[in-house]
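Student: Pasting upload.cif below, which is mmCIF, C-alpha atoms.
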```cif
data_target
#
loop_
_atom_site.label_atom_id
_atom_site.label_comp_id
_atom_site.auth_asym_id
_atom_site.auth_seq_id
_atom_site.Cartn_x
_atom_site.Cartn_y
_atom_site.Cartn_z
CA SER P 379 -14.37 -20.39 16.92
CA PRO P 380 -17.08 -19.12 19.29
CA ALA P 381 -14.71 -16.35 20.44
CA ALA P 382 -14.18 -15.18 16.85
CA VAL P 383 -17.91 -15.22 16.18
CA ALA P 384 -18.51 -13.17 19.33
CA ALA P 385 -15.79 -10.66 18.40
CA MET P 386 -17.27 -10.15 14.94
CA ALA P 387 -20.77 -9.66 16.32
CA GLU P 388 -19.94 -7.50 19.33
CA LEU P 389 -16.86 -5.54 18.26
CA GLY P 390 -17.25 -5.45 14.49
CA PRO P 391 -19.93 -2.72 14.51
CA ARG P 392 -17.98 -0.60 16.99
CA PHE P 393 -14.80 -0.50 14.93
CA ALA P 394 -16.52 -0.41 11.54
CA LEU P 395 -16.64 2.60 9.27
CA PRO P 396 -19.88 4.54 9.66
CA GLY P 397 -22.64 4.30 7.08
CA ALA P 398 -23.77 1.63 4.67
CA ASP P 399 -21.36 -0.56 2.72
CA GLU P 400 -21.32 1.65 -0.37
CA ASP P 401 -21.78 5.06 1.24
CA PRO P 402 -18.86 7.48 0.67
CA ILE P 403 -16.97 8.37 3.86
CA ASP P 404 -15.98 11.89 4.83
CA LEU P 405 -12.59 11.06 6.33
CA ALA P 406 -12.00 14.69 7.26
CA ARG P 407 -14.84 14.36 9.79
CA LEU P 408 -14.03 10.85 10.99
CA GLY P 409 -12.37 10.84 14.38
CA ALA P 410 -10.92 8.35 16.82
CA LEU P 411 -13.08 6.12 18.98
CA GLY P 412 -13.31 7.21 22.59
CA ALA P 413 -10.09 9.20 22.51
CA ALA P 414 -9.20 12.85 22.90
CA THR P 415 -6.39 12.65 20.32
CA ALA P 416 -7.37 14.29 17.03
CA ILE P 417 -6.83 12.35 13.83
CA ARG P 418 -4.74 14.37 11.38
CA GLN P 419 -4.69 11.94 8.48
CA TRP P 420 -5.97 8.54 7.38
CA VAL P 421 -4.07 5.69 5.79
CA LEU P 422 -5.35 2.44 4.33
CA GLU P 423 -3.71 -0.83 5.33
CA ILE P 424 -4.59 -3.63 2.92
CA GLY P 425 -4.32 -7.15 4.29
CA PRO P 426 -3.27 -6.71 7.93
CA GLY P 427 -3.42 -10.45 8.52
CA MET P 428 -3.58 -11.04 12.27
CA GLY P 429 -3.05 -7.34 12.92
CA GLU P 430 0.38 -7.28 14.59
CA ALA P 431 1.63 -4.46 12.36
CA THR P 432 -1.67 -2.59 12.67
CA LEU P 433 -1.46 -2.56 16.46
CA ALA P 434 2.18 -1.44 16.44
CA MET P 435 1.50 1.36 13.95
CA ALA P 436 -1.59 2.56 15.79
CA ALA P 437 0.31 2.82 19.06
CA ALA P 438 3.27 4.58 17.43
CA GLU P 439 1.14 6.99 15.36
CA PRO P 440 -1.79 8.07 17.57
CA THR P 441 -2.74 11.02 15.32
CA THR P 442 -2.89 8.81 12.22
CA GLY P 443 -6.10 6.91 11.61
CA ILE P 444 -5.72 3.46 10.07
CA ILE P 445 -8.39 1.74 8.00
CA ALA P 446 -7.44 -1.94 8.11
CA VAL P 447 -9.11 -4.02 5.38
CA GLU P 448 -8.94 -7.80 5.58
CA VAL P 449 -10.91 -10.55 3.82
CA HIS P 450 -10.13 -13.35 6.28
CA THR P 451 -12.55 -13.60 9.19
CA ARG P 452 -10.03 -15.08 11.63
CA GLY P 453 -7.65 -12.17 11.19
CA VAL P 454 -10.42 -9.60 11.54
CA ALA P 455 -11.66 -11.20 14.76
CA ARG P 456 -8.13 -11.33 16.19
CA LEU P 457 -7.54 -7.66 15.38
CA LEU P 458 -10.88 -6.56 16.83
CA THR P 459 -10.20 -8.41 20.07
CA ALA P 460 -6.74 -6.86 20.41
CA LEU P 461 -7.99 -3.34 19.68
CA GLU P 462 -10.61 -3.66 22.39
CA ALA P 463 -8.17 -5.15 24.90
CA GLU P 464 -5.56 -2.45 24.34
CA GLY P 465 -8.01 0.45 24.17
CA ILE P 466 -6.87 1.58 20.72
CA GLY P 467 -9.23 4.02 19.04
CA ASN P 468 -7.43 5.18 15.89
CA VAL P 469 -8.16 2.04 13.86
CA ARG P 470 -11.27 1.19 11.85
CA VAL P 471 -11.65 -2.38 10.63
CA VAL P 472 -13.31 -3.46 7.39
CA HIS P 473 -14.08 -7.12 6.72
CA GLY P 474 -14.17 -7.16 2.96
CA ASP P 475 -12.53 -6.25 -0.31
CA ALA P 476 -10.09 -3.32 -0.41
CA VAL P 477 -10.71 -2.56 -4.08
CA GLU P 478 -14.45 -2.22 -3.52
CA LEU P 479 -13.80 0.00 -0.51
CA LEU P 480 -11.54 2.26 -2.57
CA ARG P 481 -13.96 2.32 -5.45
CA HIS P 482 -17.14 3.13 -3.55
CA ARG P 483 -16.32 4.63 -0.16
CA ILE P 484 -13.03 6.56 -0.37
CA ALA P 485 -13.08 9.95 -2.09
CA PRO P 486 -10.35 11.08 -4.49
CA GLY P 487 -7.46 12.68 -2.64
CA ALA P 488 -8.67 11.53 0.78
CA LEU P 489 -5.83 9.26 1.92
CA ALA P 490 -2.36 10.13 3.19
CA GLY P 491 -1.07 6.66 2.45
CA ILE P 492 -1.78 3.12 1.35
CA ARG P 493 0.21 0.32 2.98
CA LEU P 494 0.36 -2.98 1.16
CA TRP P 495 2.75 -5.23 3.03
CA PHE P 496 3.31 -8.83 2.00
CA PRO P 497 0.16 -9.36 -0.04
CA ASP P 498 -0.60 -12.82 -1.34
CA PRO P 499 2.00 -13.37 -4.10
CA TRP P 500 -0.13 -15.93 -5.94
CA PRO P 501 3.06 -17.69 -7.04
CA LYS P 502 1.55 -19.99 -9.66
CA THR P 503 1.57 -18.43 -13.12
CA ARG P 504 -2.09 -19.19 -13.74
CA HIS P 505 -2.98 -17.23 -10.59
CA HIS P 506 -0.95 -14.08 -11.35
CA LYS P 507 -4.12 -12.32 -12.53
CA ARG P 508 -5.33 -12.41 -8.92
CA ARG P 509 -2.44 -10.28 -7.67
CA LEU P 510 -3.58 -7.01 -6.17
CA VAL P 511 -0.90 -4.81 -7.76
CA ARG P 512 -2.16 -4.48 -11.31
CA PRO P 513 -2.62 -1.36 -13.46
CA GLU P 514 -6.31 -0.65 -12.88
CA VAL P 515 -6.01 -1.09 -9.11
CA VAL P 516 -2.87 1.04 -8.86
CA ALA P 517 -4.63 3.79 -10.84
CA LEU P 518 -7.48 3.66 -8.33
CA MET P 519 -5.05 3.80 -5.41
CA ALA P 520 -3.24 6.79 -6.89
CA ASP P 521 -6.51 8.64 -7.44
CA ARG P 522 -7.48 8.21 -3.78
CA LEU P 523 -4.20 9.64 -2.47
CA ALA P 524 -3.70 13.28 -1.58
CA PRO P 525 -0.74 14.99 -3.30
CA GLY P 526 2.36 13.76 -1.48
CA GLY P 527 0.52 10.68 -0.21
CA THR P 528 2.31 7.38 -0.61
CA VAL P 529 1.83 3.83 -1.75
CA HIS P 530 4.17 1.67 0.31
CA ALA P 531 4.42 -1.94 -0.85
CA ALA P 532 6.64 -4.71 0.47
CA THR P 533 7.12 -8.30 -0.61
CA ASP P 534 9.61 -11.13 -0.24
CA TRP P 535 8.80 -12.62 -3.67
CA ALA P 536 11.37 -11.37 -6.20
CA ASP P 537 9.19 -11.77 -9.29
CA TYR P 538 6.27 -10.01 -7.62
CA ALA P 539 8.58 -7.17 -6.56
CA ALA P 540 9.62 -6.71 -10.18
CA VAL P 541 5.99 -6.68 -11.34
CA MET P 542 5.02 -4.23 -8.59
CA ALA P 543 7.79 -1.84 -9.61
CA GLU P 544 6.85 -2.09 -13.28
CA VAL P 545 3.18 -1.36 -12.61
CA LEU P 546 3.87 1.45 -10.15
CA ASP P 547 6.42 3.03 -12.53
CA ALA P 548 3.81 3.04 -15.29
CA GLU P 549 1.21 4.95 -13.26
CA PRO P 550 1.48 8.63 -14.29
CA LEU P 551 0.11 9.96 -10.98
CA LEU P 552 2.94 8.32 -9.02
CA ARG P 553 6.68 8.82 -8.77
CA ASN P 554 9.23 6.60 -7.09
CA ARG P 555 10.88 8.31 -4.14
CA PHE P 556 13.98 6.21 -4.74
CA ALA P 557 15.93 4.93 -7.71
CA GLY P 558 14.50 1.44 -7.47
CA ALA P 559 13.76 -0.27 -4.17
CA ALA P 560 13.46 1.79 -1.00
CA PRO P 561 15.51 1.11 2.12
CA ARG P 562 13.50 -0.73 4.72
CA PRO P 563 11.99 1.98 6.95
CA PRO P 564 12.82 1.36 10.61
CA TRP P 565 9.26 2.22 11.62
CA ARG P 566 7.68 -0.57 9.57
CA PRO P 567 6.83 -3.35 12.02
CA LEU P 568 8.21 -6.81 11.39
CA THR P 569 5.27 -9.07 10.54
CA ARG P 570 5.08 -12.85 10.80
CA TYR P 571 4.85 -13.00 7.01
CA GLU P 572 8.07 -11.05 6.64
CA GLN P 573 9.80 -13.17 9.25
CA ALA P 574 8.69 -16.34 7.49
CA GLY P 575 10.15 -15.02 4.25
CA LEU P 576 13.42 -14.10 5.92
CA ASP P 577 13.60 -17.52 7.55
CA ALA P 578 13.17 -19.05 4.09
CA GLY P 579 16.09 -16.99 2.76
CA HIS P 580 13.99 -14.56 0.75
CA GLN P 581 15.03 -10.95 0.17
CA VAL P 582 12.49 -8.37 1.24
CA VAL P 583 11.86 -5.49 -1.16
CA ASP P 584 10.20 -2.21 -0.11
CA LEU P 585 8.76 0.12 -2.75
CA LEU P 586 7.71 3.68 -1.89
CA TYR P 587 5.83 5.78 -4.43
CA GLU P 588 4.42 9.26 -3.97
CA ARG P 589 1.34 10.89 -5.49
CA ARG P 590 2.40 13.78 -7.69
CA GLY P 591 1.11 17.24 -6.94
CA PRO P 592 -0.90 19.47 -9.29
CA ALA P 593 0.76 20.02 -12.66
#
```
What is this structure when it is put down as structure tokens?
Tutor:
Amino acid sequence: SPAAVAAMAELGPRFALPGADEDPIDLARLGALGAATAIRQWVLEIGPGMGEATLAMAAAEPTTGIIAVEVHTRGVARLLTALEAEGIGNVRVVHGDAVELLRHRIAPGALAGIRLWFPDPWPKTRHHKRRLVRPEVVALMADRLAPGGTVHAATDWADYAAVMAEVLDAEPLLRNRFAGAAPRPPWRPLTRYEQAGLDAGHQVVDLLYERRGPA
């Protein structure tokens, strides 16, 4: 829509990460936009969709910076518009691929958390290779976490939950904080994707893994 095009053109650069697309980012020196609140840590949210959870988290955690990475233009435009309207400055928005961002722009040990809530389950067997939670990507995620940092995944697809747990269990840099699935944290916002799954009778599974400290 014209409004989405305008949001991408006018607000995209303001909320973008500084530097060129493949330039490493010094998150320790990256602050909030137009706000006096200091950012104490940065987390990566992969696939915020229309941004409802992003907005709720940003308001609830003003000293946590959120890098929201989304491939779909409509969702990015909606999030940018809402951030501007609500005057939120602790969110940076990336329109692109989260794996490429992790690979080229995020330094090892730089993130306090990675939030992967209700990613595309790619339910057809022939499409399973497109799922984001796979060994090489999880290894990259773990490398970019600081000791004690977390990977928090959630899905309402039972087979994907089982695959996620298997892949996360196999990553030597991570340990499960729970014996299996984690209880749903009360601070995790309810997204439209989660509500759709609940309405369909699906069971939501949260998984919370922590980056191990130095040996």
Student: Considering all atoms listed in the file, can you say which of P:Arg493, P:Arg509, P:Arg470, P:Arg566 comes closest to P:Gly443?
Tutor: P:Arg470
Student: Any idea what the distance is between atom CA of P:Leu518 and atom CA of P:His450?
Tutor: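 It comes out at 22.6 Å.
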Student: Please, what distance in Å, to one decimal, runs between atom CA of P:Ala436 and atom CA of P:Gly467?
Tutor: 8.4 Å
Student: Might you spell out which residues the PyMOL selection byres ((chain P and resi 421) around 9) would select in the displayed file, as a PyMOL selection string?
Tutor: chain P and resi 419-420+422-423+442-446+488-493
Student: For P:Pro501, which of P:Val477, P:Ile484, P:Leu411, P:Ala539 is the closest residue, counting only C-alpha atoms?
Tutor: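 Comparing P:Val477, P:Ile484, P:Leu411, P:Ala539 against P:Pro501, the winner is P:Ala539.
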Student: Of the residues P:Val469, P:Ala385, P:Leu523, P:Ile403, which is the one nearest to P:Met435, using all atoms listed in the file?
Tutor: P:Val469
